[in-house]
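Participant: My structure is stored as protein-v4.cif, with mmCIF, C-alpha atoms.
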```
data_my_file
loop_
_atom_site.group_PDB
_atom_site.id
_atom_site.type_symbol
_atom_site.label_atom_id
_atom_site.label_comp_id
_atom_site.auth_asym_id
_atom_site.auth_seq_id
_atom_site.Cartn_x
_atom_site.Cartn_y
_atom_site.Cartn_z
ATOM 1 C CA MET A 1 114.660 136.955 98.903
ATOM 2 C CA LEU A 2 113.661 137.631 102.479
ATOM 3 C CA PRO A 3 110.329 139.381 103.117
ATOM 4 C CA GLN A 4 110.721 143.119 103.662
ATOM 5 C CA ASP A 5 109.761 143.046 107.338
ATOM 6 C CA ILE A 6 112.329 140.350 108.141
ATOM 7 C CA LYS A 7 114.976 142.136 106.053
ATOM 8 C CA LYS A 8 114.224 145.307 108.022
ATOM 9 C CA GLN A 9 114.763 143.403 111.269
ATOM 10 C CA TYR A 10 118.196 142.341 110.055
ATOM 11 C CA ASP A 11 119.067 145.848 108.823
ATOM 12 C CA THR A 12 118.110 147.333 112.184
ATOM 13 C CA SER A 13 120.008 144.688 114.160
ATOM 14 C CA ARG A 14 123.125 145.047 112.008
ATOM 15 C CA ALA A 15 123.066 148.872 112.135
ATOM 16 C CA ARG A 16 122.692 148.787 115.916
ATOM 17 C CA ALA A 17 125.608 146.373 116.350
ATOM 18 C CA GLU A 18 127.868 148.428 114.090
ATOM 19 C CA ALA A 19 126.908 151.731 115.731
ATOM 20 C CA GLU A 20 127.643 150.319 119.179
ATOM 21 C CA ALA A 21 131.008 148.992 117.942
ATOM 22 C CA ALA A 22 131.876 152.401 116.490
ATOM 23 C CA GLN A 23 131.026 154.004 119.817
ATOM 24 C CA ARG A 24 133.259 151.567 121.697
ATOM 25 C CA LYS A 25 136.092 152.210 119.260
ATOM 26 C CA ARG A 26 135.801 155.995 119.675
ATOM 27 C CA ALA A 27 135.961 155.583 123.434
ATOM 28 C CA ALA A 28 139.047 153.379 123.073
ATOM 29 C CA TYR A 29 140.754 155.927 120.796
ATOM 30 C CA THR A 30 140.042 158.668 123.343
ATOM 31 C CA ALA A 31 141.535 156.613 126.160
ATOM 32 C CA MET A 32 144.443 155.334 124.012
ATOM 33 C CA PRO A 33 145.376 157.870 121.296
ATOM 34 C CA LYS A 34 148.189 155.608 120.083
ATOM 35 C CA LEU A 35 145.619 152.922 119.279
ATOM 36 C CA ARG A 36 144.205 155.112 116.527
ATOM 37 C CA GLN A 37 147.720 155.604 115.109
ATOM 38 C CA ILE A 38 148.297 151.837 115.071
ATOM 39 C CA ASP A 39 145.010 151.168 113.286
ATOM 40 C CA GLU A 40 145.811 153.833 110.691
ATOM 41 C CA GLU A 41 149.264 152.340 110.182
ATOM 42 C CA ILE A 42 147.751 148.869 109.726
ATOM 43 C CA ARG A 43 145.461 150.224 107.013
ATOM 44 C CA GLN A 44 148.375 152.022 105.323
ATOM 45 C CA VAL A 45 150.674 148.980 105.367
ATOM 46 C CA SER A 46 147.898 146.829 103.906
ATOM 47 C CA PHE A 47 147.231 149.411 101.179
ATOM 48 C CA ASN A 48 150.927 149.812 100.330
ATOM 49 C CA ARG A 49 151.356 146.066 99.949
ATOM 50 C CA GLY A 50 149.128 146.109 96.881
ATOM 51 C CA LEU A 51 151.145 148.901 95.272
ATOM 52 C CA GLU A 52 154.474 147.265 96.098
ATOM 53 C CA LEU A 53 153.373 143.909 94.701
ATOM 54 C CA ILE A 54 152.643 145.520 91.341
ATOM 55 C CA LYS A 55 156.192 146.800 90.853
ATOM 56 C CA ALA A 56 158.171 144.304 92.944
ATOM 57 C CA GLU A 57 160.616 141.877 91.393
ATOM 58 C CA ASN A 58 160.464 139.635 94.441
ATOM 59 C CA ARG A 59 156.829 139.459 95.464
ATOM 60 C CA ASP A 60 157.387 136.768 98.063
ATOM 61 C CA GLN A 61 159.768 139.086 99.869
ATOM 62 C CA VAL A 62 157.162 141.867 99.846
ATOM 63 C CA ARG A 63 154.583 139.505 101.304
ATOM 64 C CA ARG A 64 156.995 138.397 104.045
ATOM 65 C CA ASP A 65 157.986 141.957 104.941
ATOM 66 C CA THR A 66 154.387 143.075 105.038
ATOM 67 C CA ALA A 67 153.381 140.093 107.184
ATOM 68 C CA GLU A 68 156.137 140.921 109.676
ATOM 69 C CA LYS A 69 155.074 144.574 109.906
ATOM 70 C CA LEU A 70 151.439 143.667 110.377
ATOM 71 C CA ALA A 71 152.269 141.017 112.982
ATOM 72 C CA ALA A 72 154.226 143.570 114.995
ATOM 73 C CA LEU A 73 151.398 146.100 114.771
ATOM 74 C CA TYR A 74 148.770 143.525 115.720
ATOM 75 C CA ALA A 75 150.876 142.457 118.715
ATOM 76 C CA GLU A 76 151.298 146.053 119.864
ATOM 77 C CA ARG A 77 147.561 146.679 119.520
ATOM 78 C CA ALA A 78 146.710 143.505 121.447
ATOM 79 C CA ARG A 79 149.128 144.502 124.228
ATOM 80 C CA MET A 80 147.589 147.960 124.580
ATOM 81 C CA LEU A 81 144.078 146.565 124.715
ATOM 82 C CA SER A 82 145.062 143.864 127.189
ATOM 83 C CA GLU A 83 146.483 146.462 129.555
ATOM 84 C CA ARG A 84 143.008 148.016 129.592
ATOM 85 C CA GLY A 85 141.338 144.662 130.156
ATOM 86 C CA MET A 86 140.063 144.584 126.570
ATOM 87 C CA SER A 87 140.513 142.539 123.404
ATOM 88 C CA MET A 88 140.025 143.235 119.708
ATOM 89 C CA ASP A 89 136.604 141.589 119.949
ATOM 90 C CA ASP A 90 135.474 144.496 122.119
ATOM 91 C CA LEU A 91 135.949 146.829 119.157
ATOM 92 C CA LEU A 92 134.089 144.657 116.647
ATOM 93 C CA PRO A 93 130.305 144.570 116.081
ATOM 94 C CA ARG A 94 128.455 142.114 118.294
ATOM 95 C CA TYR A 95 125.983 140.699 115.822
ATOM 96 C CA ALA A 96 123.009 138.685 117.025
ATOM 97 C CA CYS A 97 124.075 135.966 114.564
ATOM 98 C CA GLU A 98 127.782 135.464 114.027
ATOM 99 C CA LYS A 99 127.217 133.187 111.033
ATOM 100 C CA CYS A 100 125.588 135.829 108.820
ATOM 101 C CA SER A 101 126.575 139.061 110.615
ATOM 102 C CA ASP A 102 122.870 139.928 110.815
ATOM 103 C CA THR A 103 122.279 139.850 107.075
ATOM 104 C CA GLY A 104 120.213 136.643 106.883
ATOM 105 C CA TYR A 105 122.571 135.150 104.295
ATOM 106 C CA LEU A 106 125.731 133.053 104.484
ATOM 107 C CA GLU A 107 128.844 133.835 102.444
ATOM 108 C CA ASN A 108 127.791 131.313 99.778
ATOM 109 C CA GLY A 109 124.491 133.184 99.298
ATOM 110 C CA GLU A 110 122.320 130.605 101.040
ATOM 111 C CA LEU A 111 119.846 131.540 103.747
ATOM 112 C CA CYS A 112 121.359 131.514 107.216
ATOM 113 C CA PRO A 113 119.804 129.040 109.684
ATOM 114 C CA CYS A 114 118.635 132.015 111.761
ATOM 115 C CA ALA A 115 116.692 133.328 108.742
ATOM 116 C CA ARG A 116 115.166 129.916 108.163
ATOM 117 C CA LEU A 117 113.950 129.946 111.765
ATOM 118 C CA LYS A 118 112.400 133.385 111.304
ATOM 119 C CA LEU A 119 110.593 132.198 108.185
ATOM 120 C CA ALA A 120 109.551 128.985 109.914
ATOM 121 C CA GLY A 121 108.175 130.958 112.852
ATOM 122 C CA ARG A 122 105.970 132.890 110.464
ATOM 123 C CA LYS A 123 104.779 129.671 108.863
ATOM 124 C CA TYR A 124 104.027 128.117 112.264
ATOM 125 C CA SER A 125 101.791 131.034 113.219
ATOM 126 C CA SER A 126 99.991 131.051 109.872
ATOM 127 C CA SER A 127 99.541 127.279 109.828
ATOM 128 C CA GLY A 128 98.042 127.019 113.311
ATOM 129 C CA ILE A 129 100.819 124.705 114.483
ATOM 130 C CA SER A 130 101.857 125.051 118.104
ATOM 131 C CA GLU A 131 105.330 126.522 118.524
ATOM 132 C CA ASN A 132 105.751 124.277 121.584
ATOM 133 C CA ALA A 133 105.617 121.135 119.444
ATOM 134 C CA GLY A 134 108.653 119.351 118.060
ATOM 135 C CA PHE A 135 110.177 115.899 118.245
ATOM 136 C CA ASP A 136 113.115 117.420 120.118
ATOM 137 C CA ARG A 137 110.653 118.583 122.787
ATOM 138 C CA PHE A 138 109.192 115.171 123.531
ATOM 139 C CA ASN A 139 108.977 115.137 127.333
ATOM 140 C CA GLU A 140 109.319 111.656 128.760
ATOM 141 C CA ASN A 141 108.885 112.933 132.327
ATOM 142 C CA ILE A 142 105.122 113.341 131.929
ATOM 143 C CA PHE A 143 104.646 109.573 131.536
ATOM 144 C CA LYS A 144 103.902 107.599 134.693
ATOM 145 C CA ASP A 145 103.453 104.261 132.932
ATOM 146 C CA PRO A 146 106.650 102.826 131.345
ATOM 147 C CA GLU A 147 104.626 100.852 128.803
ATOM 148 C CA GLN A 148 102.719 103.946 127.705
ATOM 149 C CA LEU A 149 106.008 105.824 127.365
ATOM 150 C CA LYS A 150 107.438 103.010 125.257
ATOM 151 C CA ARG A 151 104.413 102.953 122.931
ATOM 152 C CA THR A 152 104.313 106.740 122.567
ATOM 153 C CA ARG A 153 108.053 106.965 121.971
ATOM 154 C CA ARG A 154 107.675 104.426 119.160
ATOM 155 C CA ALA A 155 104.759 106.426 117.730
ATOM 156 C CA ALA A 156 106.920 109.561 117.800
ATOM 157 C CA GLU A 157 109.681 107.726 115.926
ATOM 158 C CA ILE A 158 107.223 106.702 113.204
ATOM 159 C CA CYS A 159 105.853 110.246 112.979
ATOM 160 C CA ALA A 160 109.375 111.672 112.703
ATOM 161 C CA GLN A 161 110.125 109.210 109.926
ATOM 162 C CA TYR A 162 106.911 110.218 108.160
ATOM 163 C CA ALA A 163 107.831 113.915 108.427
ATOM 164 C CA GLU A 164 111.076 113.384 106.503
ATOM 165 C CA ASN A 165 109.422 112.618 103.146
ATOM 166 C CA LEU A 166 105.705 112.941 103.980
ATOM 167 C CA GLU A 167 105.106 109.245 103.564
ATOM 168 C CA ILE A 168 105.583 106.041 105.489
ATOM 169 C CA GLY A 169 105.735 102.607 103.906
ATOM 170 C CA GLY A 170 104.485 104.094 100.640
ATOM 171 C CA ALA A 171 101.395 105.637 102.282
ATOM 172 C CA LYS A 172 100.983 109.404 101.944
ATOM 173 C CA GLY A 173 98.368 109.543 104.719
ATOM 174 C CA LEU A 174 98.786 109.048 108.456
ATOM 175 C CA LEU A 175 95.916 108.387 110.883
ATOM 176 C CA LEU A 176 96.510 109.089 114.591
ATOM 177 C CA MET A 177 93.931 107.400 116.813
ATOM 178 C CA GLY A 178 93.330 107.241 120.548
ATOM 179 C CA GLU A 179 91.417 108.829 123.381
ATOM 180 C CA THR A 180 91.877 112.436 124.478
ATOM 181 C CA GLY A 181 95.063 113.534 126.213
ATOM 182 C CA LEU A 182 97.407 110.931 124.740
ATOM 183 C CA GLY A 183 99.515 113.292 122.612
ATOM 184 C CA LYS A 184 97.947 113.031 119.161
ATOM 185 C CA THR A 185 97.901 116.787 118.553
ATOM 186 C CA PHE A 186 101.474 117.122 119.821
ATOM 187 C CA LEU A 187 102.645 114.466 117.365
ATOM 188 C CA MET A 188 100.621 116.037 114.551
ATOM 189 C CA ASP A 189 102.072 119.495 115.208
ATOM 190 C CA SER A 190 105.560 118.019 115.501
ATOM 191 C CA ILE A 191 105.128 116.512 112.041
ATOM 192 C CA GLY A 192 103.982 119.887 110.753
ATOM 193 C CA ARG A 193 106.867 121.730 112.379
ATOM 194 C CA GLU A 194 109.435 119.325 110.936
ATOM 195 C CA ALA A 195 107.778 119.462 107.503
ATOM 196 C CA ILE A 196 107.977 123.268 107.528
ATOM 197 C CA ARG A 197 111.622 123.080 108.567
ATOM 198 C CA ARG A 198 112.259 120.858 105.559
ATOM 199 C CA GLY A 199 110.602 123.367 103.242
ATOM 200 C CA TYR A 200 107.172 121.776 102.736
ATOM 201 C CA SER A 201 104.025 123.907 102.674
ATOM 202 C CA VAL A 202 101.650 123.006 105.515
ATOM 203 C CA LYS A 203 98.016 123.797 106.293
ATOM 204 C CA LYS A 204 96.187 122.833 109.484
ATOM 205 C CA TYR A 205 92.485 122.659 110.271
ATOM 206 C CA THR A 206 90.503 121.263 113.121
ATOM 207 C CA ALA A 207 87.587 119.265 111.726
ATOM 208 C CA TYR A 208 85.279 121.922 113.163
ATOM 209 C CA ASN A 209 87.125 124.736 111.357
ATOM 210 C CA LEU A 210 87.142 122.755 108.117
ATOM 211 C CA ILE A 211 83.355 122.391 108.176
ATOM 212 C CA ASP A 212 82.996 126.053 109.159
ATOM 213 C CA ALA A 213 85.105 127.032 106.139
ATOM 214 C CA ALA A 214 82.926 124.820 103.948
ATOM 215 C CA LEU A 215 79.793 126.566 105.245
ATOM 216 C CA ARG A 216 81.324 129.951 104.421
ATOM 217 C CA ALA A 217 81.957 128.709 100.918
ATOM 218 C CA VAL A 218 78.242 127.894 100.613
ATOM 219 C CA ARG A 219 77.656 131.573 101.394
ATOM 220 C CA HIS A 220 80.045 132.461 98.542
ATOM 221 C CA GLU A 221 82.972 133.213 100.841
ATOM 222 C CA ALA A 222 86.442 131.649 100.702
ATOM 223 C CA GLY A 223 86.298 127.882 100.939
ATOM 224 C CA PRO A 224 88.729 125.527 102.680
ATOM 225 C CA GLU A 225 92.108 124.951 101.066
ATOM 226 C CA LEU A 226 92.070 121.230 100.341
ATOM 227 C CA THR A 227 94.822 120.577 97.816
ATOM 228 C CA GLY A 228 97.165 123.584 97.836
ATOM 229 C CA ALA A 229 99.463 122.577 100.699
ATOM 230 C CA GLU A 230 101.889 119.681 100.409
ATOM 231 C CA LEU A 231 100.814 118.564 103.886
ATOM 232 C CA LEU A 232 97.312 118.923 105.350
ATOM 233 C CA LEU A 233 96.826 118.413 109.083
ATOM 234 C CA LEU A 234 93.254 117.643 110.148
ATOM 235 C CA ASP A 235 92.814 117.544 113.928
ATOM 236 C CA ASP A 236 89.920 116.434 116.146
ATOM 237 C CA LEU A 237 88.042 114.467 113.516
ATOM 238 C CA GLY A 238 84.733 113.527 115.123
ATOM 239 C CA THR A 239 84.144 116.787 117.016
ATOM 240 C CA GLU A 240 82.696 118.681 114.047
ATOM 241 C CA PRO A 241 78.938 119.236 113.672
ATOM 242 C CA MET A 242 77.189 116.740 111.406
ATOM 243 C CA ILE A 243 75.458 118.999 108.889
ATOM 244 C CA PRO A 244 73.489 117.156 106.166
ATOM 245 C CA GLY A 245 74.950 117.708 102.737
ATOM 246 C CA VAL A 246 78.065 119.455 104.125
ATOM 247 C CA THR A 247 80.069 117.511 106.712
ATOM 248 C CA ILE A 248 80.446 114.126 105.035
ATOM 249 C CA GLU A 249 80.845 115.673 101.584
ATOM 250 C CA THR A 250 83.538 118.117 102.750
ATOM 251 C CA LEU A 251 85.535 115.465 104.578
ATOM 252 C CA PHE A 252 85.287 113.050 101.678
ATOM 253 C CA ALA A 253 86.407 115.762 99.259
ATOM 254 C CA ALA A 254 89.409 116.620 101.456
ATOM 255 C CA ILE A 255 90.511 113.003 101.774
ATOM 256 C CA ASN A 256 89.712 111.952 98.228
ATOM 257 C CA GLU A 257 91.155 114.976 96.429
ATOM 258 C CA ARG A 258 94.411 114.785 98.349
ATOM 259 C CA GLN A 259 94.756 111.083 97.655
ATOM 260 C CA PHE A 260 94.081 111.736 93.979
ATOM 261 C CA SER A 261 96.723 114.507 93.860
ATOM 262 C CA GLY A 262 99.269 112.405 95.765
ATOM 263 C CA LYS A 263 99.569 114.865 98.645
ATOM 264 C CA ALA A 264 100.158 114.048 102.293
ATOM 265 C CA THR A 265 97.440 114.190 104.941
ATOM 266 C CA VAL A 266 97.614 113.587 108.689
ATOM 267 C CA ILE A 267 94.345 113.052 110.566
ATOM 268 C CA ALA A 268 93.902 112.820 114.337
ATOM 269 C CA THR A 269 90.734 111.446 115.902
ATOM 270 C CA ASN A 270 89.407 110.284 119.258
ATOM 271 C CA LEU A 271 87.041 107.844 117.529
ATOM 272 C CA THR A 272 87.592 104.109 117.354
ATOM 273 C CA LYS A 273 87.613 102.201 114.103
ATOM 274 C CA ASN A 274 83.997 101.106 114.567
ATOM 275 C CA GLU A 275 82.932 104.636 115.471
ATOM 276 C CA LEU A 276 84.585 106.024 112.338
ATOM 277 C CA PHE A 277 82.654 103.561 110.184
ATOM 278 C CA THR A 278 79.354 104.333 111.923
ATOM 279 C CA GLN A 279 79.785 108.103 111.778
ATOM 280 C CA TYR A 280 81.264 108.544 108.288
ATOM 281 C CA GLY A 281 80.201 105.504 106.301
ATOM 282 C CA GLU A 282 81.923 103.205 103.864
ATOM 283 C CA ARG A 283 83.324 105.804 101.437
ATOM 284 C CA ILE A 284 85.455 107.649 104.006
ATOM 285 C CA PHE A 285 86.192 104.562 106.100
ATOM 286 C CA SER A 286 87.557 102.590 103.150
ATOM 287 C CA ARG A 287 89.964 105.381 102.259
ATOM 288 C CA LEU A 288 91.232 105.885 105.808
ATOM 289 C CA PHE A 289 91.968 102.199 106.247
ATOM 290 C CA ALA A 290 93.410 101.405 102.834
ATOM 291 C CA SER A 291 96.953 100.428 103.806
ATOM 292 C CA ARG A 292 98.414 101.743 100.561
ATOM 293 C CA GLU A 293 96.923 105.179 101.334
ATOM 294 C CA TYR A 294 97.030 105.552 105.140
ATOM 295 C CA ALA A 295 99.196 104.210 107.930
ATOM 296 C CA ALA A 296 97.401 104.094 111.284
ATOM 297 C CA ILE A 297 98.851 104.642 114.752
ATOM 298 C CA THR A 298 96.751 103.999 117.855
ATOM 299 C CA LEU A 299 97.847 105.608 121.129
ATOM 300 C CA ARG A 300 96.756 103.941 124.371
ATOM 301 C CA GLY A 301 97.124 104.798 128.018
ATOM 302 C CA LYS A 302 96.088 107.390 130.567
ATOM 303 C CA ASP A 303 95.348 111.055 129.896
ATOM 304 C CA LEU A 304 98.708 112.846 130.133
ATOM 305 C CA ARG A 305 97.044 116.133 131.060
ATOM 306 C CA MET A 306 95.645 114.815 134.344
#
```
Can the structure from this file be put into structure tokens for me?
Facilitator:
Amino acid sequence: MLPQDIKKQYDTSRARAEAEAAQRKRAAYTAMPKLRQIDEEIRQVSFNRGLELIKAENRDQVRRDTAEKLAALYAERARMLSERGMSMDDLLPRYACEKCSDTGYLENGELCPCARLKLAGRKYSSSGISENAGFDRFNENIFKDPEQLKRTRRAAEICAQYAENLEIGGAKGLLLMGETGLGKTFLMDSIGREAIRRGYSVKKYTAYNLIDAALRAVRHEAGPELTGAELLLLDDLGTEPMIPGVTIETLFAAINERQFSGKATVIATNLTKNELFTQYGERIFSRLFASREYAAITLRGKDLRM
């Protein structure tokens, strides 16, 4: 079922389209009184066909006769409209989505793609994922170095592959490394966007926000959601404050608990491998660089924002 606010959007859109169509039809009937007579005759012929089929000995003949009558009426209606520079489409509702007629559902009962986009948009905003991300929005024109473009394009291909099933080469974790401005957050958000589109639940934190949420939990407020989402995105690892008894423990819990529960995690960091070991120690380092748990991608090149 669609949420009430989205359903209301569809109801309003559909009612508006149908009201505007009714207004256009009334104007056409006023300008062409015979058009109303033809439409009424079409309805009557269609209704009579059902009655005639019940008592007819030759039903095929009834169907043929009815088809001929309707074809003649349709042709006459089309001619009248054409003389006014109109078509039958001008008298029908102009729905925002032709596939679902502004209901949100297809004829088979499945959600229409337009409804899926509305739901995805809500999830993007609640997850913190940029709506400008997406593998289909990868802009090759911002690259001045062909080699950097080649490496980043390959990284995007790997990330897109990861987003399909939230794993790559058996690893449920993905580590994006490289200096600032190389596209790590774009790739991370593109993974999140694609995962949402495929129906996965996604949660995103910056490392700073994750530690802030952990501090609130110390004050008996809501703590960070570490294992609920099928995919956790953790951006800017290395920029968070190092608070004794909080930072390392929170990060270890996030990484360890998600590995234990078999859930996917994507981490982006500006730190090098040596810097990660120095800053976070053996426990976190060993988990991030266990090949069966995490695949690592290192982006290199010049800052794309300059």
Participant: As an MDAnalysis selection string, please: the residues near A:Val202 (cut-off 6 Å, all atoms listed in the file, same-chain neighbours under 6 positions excluded).
Facilitator: chainID A and resid 229 231:232
Participant: Report the residues retrieved by the PyMOL selection byres ((chain A and resi 172-188) around 6) from the displayed file, expressed as a list in words.
Facilitator: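 Answer for the PyMOL selection byres ((chain A and resi 172-188) around 6): Ala133, Glu167, Ala171, Asp189, Ser190, Ile191, Ala264, Thr265, Val266, Ile267, Ala268, Thr269, Asn270, Glu293, Tyr294, Ala295, Ala296, Ile297, Thr298, Leu299, Asp303, Leu304 and Arg305 of chain A.
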Participant: Determine the residue membership of the PyMOL selection byres ((chain A and resi 59-67) around 12) for the file above and supply it as number ranges by chain.
Facilitator: A: 41-58, 68-74
Participant: Could you tell me how far atom CA of A:Gly301 lies from atom CA of A:Arg154, in Å and to one decimal?
Facilitator: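 Straight-line distance from atom CA of A:Gly301 to atom CA of A:Arg154 works out to 13.8 Å.
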Participant: Taking only C-alpha atoms into account, name the residue in A:Met242, A:Ile211, A:Met1, A:Ala17 that is nearest to A:Gln279.
Facilitator: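 Between A:Met242, A:Ile211, A:Met1, A:Ala17, the residue approaching A:Gln279 most closely is A:Met242.
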Participant: Quick check, in Å to one decimal: how far apart do atom CA of A:Cys97 and atom CA of A:Ser130 lie?
Facilitator: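 Atom-to-atom, atom CA of A:Cys97 to atom CA of A:Ser130, that is 25.0 Å.
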Participant: Interatomic distance between atom CA of A:Pro244 and atom CA of A:Phe277?
Facilitator: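 About the pair atom CA of A:Pro244 and atom CA of A:Phe277: they are 16.9 Å apart.
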Participant: For the point (124.6, 141.6, 112.7) in file coordinates, what residues are within 9 Å, counting all atoms listed in the file? Give the answer as a PDB file with C-alpha atoms, keeping the file's coordinate frame?
Facilitator:
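Listed below is the output, out_1.pdb:
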```pdb
ATOM      1  CA  TYR A  10     118.196 142.341 110.055  1.00  0.00           C
ATOM      2  CA  ASP A  11     119.067 145.848 108.823  1.00  0.00           C
ATOM      3  CA  THR A  12     118.110 147.333 112.184  1.00  0.00           C
ATOM      4  CA  SER A  13     120.008 144.688 114.160  1.00  0.00           C
ATOM      5  CA  ARG A  14     123.125 145.047 112.008  1.00  0.00           C
ATOM      6  CA  ALA A  15     123.066 148.872 112.135  1.00  0.00           C
ATOM      7  CA  ARG A  16     122.692 148.787 115.916  1.00  0.00           C
ATOM      8  CA  ALA A  17     125.608 146.373 116.350  1.00  0.00           C
ATOM      9  CA  GLU A  18     127.868 148.428 114.090  1.00  0.00           C
ATOM     10  CA  PRO A  93     130.305 144.570 116.081  1.00  0.00           C
ATOM     11  CA  ARG A  94     128.455 142.114 118.294  1.00  0.00           C
ATOM     12  CA  TYR A  95     125.983 140.699 115.822  1.00  0.00           C
ATOM     13  CA  ALA A  96     123.009 138.685 117.025  1.00  0.00           C
ATOM     14  CA  CYS A  97     124.075 135.966 114.564  1.00  0.00           C
ATOM     15  CA  GLU A  98     127.782 135.464 114.027  1.00  0.00           C
ATOM     16  CA  LYS A  99     127.217 133.187 111.033  1.00  0.00           C
ATOM     17  CA  CYS A 100     125.588 135.829 108.820  1.00  0.00           C
ATOM     18  CA  SER A 101     126.575 139.061 110.615  1.00  0.00           C
ATOM     19  CA  ASP A 102     122.870 139.928 110.815  1.00  0.00           C
ATOM     20  CA  THR A 103     122.279 139.850 107.075  1.00  0.00           C
ATOM     21  CA  GLY A 104     120.213 136.643 106.883  1.00  0.00           C
TER      22      GLY A 104
END
```
Participant: Of the residues A:Met86, A:Ile168, A:Ala195, A:Leu271, which is the one nearest to A:Ser291, using only C-alpha atoms?
Facilitator: A:Ile168
Participant: Report the residues retrieved by the PyMOL selection byres ((chain A and resi 2) around 12) from the displayed file, expressed as a ChimeraX atom specification.
Facilitator: /A:1,3-11,103-105,110-112,114-116,118-119
Participant: Could you check the closest approach to A:Glu240 for each of A:Ala28, A:Ile129, A:Leu92, A:Ala207 and tell me which residue wins, using only C-alpha atoms?
Facilitator: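 So, comparing all the options, the nearest one is A:Ala207.
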Participant: Select from stretch 197-218 of chain A every residue with an atom at most 12 Å from any atom of stretch 251-257 of chain A, then for each give the shortest pair of atoms and their distance in Å to one decimal, using only C-alpha atoms, rows by chain and rising number, as JSON lines.
Facilitator:
```
{"residue": "A:Tyr205", "atom": "CA", "partner": "A:Ala254", "partner_atom": "CA", "distance": 11.1}
{"residue": "A:Thr206", "atom": "CA", "partner": "A:Leu251", "partner_atom": "CA", "distance": 11.5}
{"residue": "A:Ala207", "atom": "CA", "partner": "A:Leu251", "partner_atom": "CA", "distance": 8.4}
{"residue": "A:Tyr208", "atom": "CA", "partner": "A:Leu251", "partner_atom": "CA", "distance": 10.7}
{"residue": "A:Asn209", "atom": "CA", "partner": "A:Leu251", "partner_atom": "CA", "distance": 11.6}
{"residue": "A:Leu210", "atom": "CA", "partner": "A:Leu251", "partner_atom": "CA", "distance": 8.3}
{"residue": "A:Ile211", "atom": "CA", "partner": "A:Leu251", "partner_atom": "CA", "distance": 8.1}
{"residue": "A:Asp212", "atom": "CA", "partner": "A:Leu251", "partner_atom": "CA", "distance": 11.8}
{"residue": "A:Ala213", "atom": "CA", "partner": "A:Leu251", "partner_atom": "CA", "distance": 11.7}
{"residue": "A:Ala214", "atom": "CA", "partner": "A:Leu251", "partner_atom": "CA", "distance": 9.7}
```
Participant: Here is a test: counting all atoms listed in the file, which residue of A:Asp136, A:Glu76, A:Glu230, A:Glu131 is nearest to A:Lys34?
Facilitator: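 Selected residue with least distance to A:Lys34: A:Glu76.
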Participant: Around the point (103.8, 125.9, 100.2), in the coordinates given by the file, pick out the residues reaching within 12 Å, counting only C-alpha atoms, and return them as a short mmCIF file (atom, residue, chain, number, x, y, z; two decimals) with C-alpha atoms, in the coordinates of the input.
Facilitator:
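Just written: out_10.cif:
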```cif
data_model
loop_
_atom_site.label_atom_id
_atom_site.label_comp_id
_atom_site.auth_asym_id
_atom_site.auth_seq_id
_atom_site.Cartn_x
_atom_site.Cartn_y
_atom_site.Cartn_z
CA ALA A 120 109.55 128.99 109.91
CA LYS A 123 104.78 129.67 108.86
CA SER A 126 99.99 131.05 109.87
CA SER A 127 99.54 127.28 109.83
CA ALA A 195 107.78 119.46 107.50
CA ILE A 196 107.98 123.27 107.53
CA ARG A 197 111.62 123.08 108.57
CA ARG A 198 112.26 120.86 105.56
CA GLY A 199 110.60 123.37 103.24
CA TYR A 200 107.17 121.78 102.74
CA SER A 201 104.02 123.91 102.67
CA VAL A 202 101.65 123.01 105.52
CA LYS A 203 98.02 123.80 106.29
CA GLU A 225 92.11 124.95 101.07
CA THR A 227 94.82 120.58 97.82
CA GLY A 228 97.16 123.58 97.84
CA ALA A 229 99.46 122.58 100.70
CA GLU A 230 101.89 119.68 100.41
CA LEU A 231 100.81 118.56 103.89
CA LEU A 232 97.31 118.92 105.35
CA LYS A 263 99.57 114.86 98.64
#
```
Participant: Pick out the closest residue to A:Cys159 from this set: A:Tyr280, A:Phe289, A:Phe135, A:Phe143. Count all atoms listed in the file.
Facilitator: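 The answer is A:Phe135, which sits nearest to A:Cys159.
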Participant: Which centre and which edge lengths, in Å to one decimal, describe the axis-aligned box that holds all listed atoms of stretch 251-264 of chain A after 6 Å is added on each side, as AutoDock Vina command-line options?
Facilitator:
```
--center_x 92.7 --center_y 113.9 --center_z 99.2 --size_x 26.9 --size_y 17.5 --size_z 22.7
```
Participant: Would you list the contacts of A:Leu81 as an MDAnalysis selection string, taking every protein, DNA or RNA residue within 10 Å and counting all atoms listed in the file, but skipping same-chain residues closer than 4 positions in sequence?
Facilitator: chainID A and resid 28 32 35 75:77 85:88 90:91
Participant: Neighbours of A:Lys144 within 12 Å (only C-alpha atoms; same-chain residues fewer than 2 positions away dropped), as a list in words?
Facilitator: Asn139, Glu140, Asn141, Ile142, Pro146, Glu147, Gln148, Leu149, Lys150, Gly301, Lys302, Asp303, Leu304, Arg305 and Met306 of chain A
